[in-house]
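Reading through the structure tokens given below for one structure.
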Amino acid sequence: MSETFGSRDWCLWCKSTSMAKAREFAFAEKPGGPAETVYVCSEACERELDTAMKMVQKGKPIFLWSLLVMVLMTILGIGLGMAVAYHLMAVMAVGIVGFGLVTPQTILMLGMRKGLSVGRVLGVVLVLMGIGTALLPFFTQPK
Ligand SMILES: [Zn+2]
């Protein structure tokens with residue numbers, strides 16, 4: 001991963017290549033975990049990246065736990081022959097795609113700012129689908 005991110009040629013955050021005033025940023029996946037040096041183009045980008053990293057670090061465990069709960073609910077739903085299980089599977093699929101998008105590859109392609117926005121949009125879709133699924137039994141007539 002060190003070669004993936006540690007480029008001095010472009011800003012990890014906004015993908016700008018004007019790196020005359022490049023700044024170093026200690027990029028760690030976990031708080032207090034091993035950090036690597038990445039580069040951003042300006043102080044503003046450094047601040048935004050810092051904020052975003054803190055959000056990602058906080059959001060990751062929540063996301064993984066909710067995914068686990070959804071997996072369990074789906075297994076339970078299938079066991080009970082619930083139609084809701086299929087909707088939960090769809091929600092999970094969106095979640096996995098959304099999570100998979102915020103990968104080093106995507107960040108390299110889009111820059112981190114865009115990569116995270118895409119992930120966030122999918123996160124909102126995921127939440128809406130989850131709420132929809134939870135409310136579904138109230139709208140469908142039992143057969
Ligand atoms: Zn930048």
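FYI, nothing fancy with the structure tokens labels: chains A, B, ... in order, residues from 1 per chain, ligands from 1 as they appear.
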Selection as a ChimeraX atom specification: residues within 7 Å of ligand 1 by only C-alpha atoms and all ligand atoms: /A:11-16,40-42,45
Residue nearest A:Glu43 - candidates A:Ala22, A:Met112, A:Phe27, A:Met55, atoms counted: only C-alpha atoms: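 Comparing A:Ala22, A:Met112, A:Phe27, A:Met55 against A:Glu43, the winner is A:Ala22.
Using only C-alpha atoms for every distance, the candidate list A:Val127, A:Val56, A:Leu136, A:Leu116 yields A:Val56 as the residue closest to A:Glu29.
Residue nearest A:Arg8 within the list A:Val38, A:Leu67, A:Leu88, A:Ala28: A:Val38 [criterion: smallest interatomic distance, only C-alpha atoms].
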Pairwise distance for atom CA of A:Val121 and atom CA of A:Ala26, rounded to one decimal in Å: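 Computed distance, atom CA of A:Val121 to atom CA of A:Ala26, equals 26.5 Å.
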Selected residue of minimal separation from A:Asp50 among A:Leu122, A:Ser66, A:Gly81, A:Phe25, counting only C-alpha atoms: A:Phe25
Backbone DSSP call of alpha helix (DSSP H) for stretch 36-94 of chain A, listed as an NGL selection string: :A and (43-79 or 84-94)
Using only C-alpha atoms: which of A:Leu76, A:Val124, A:Ala90, A:Leu110 has the shortest distance to A:Trp10: A:Leu110
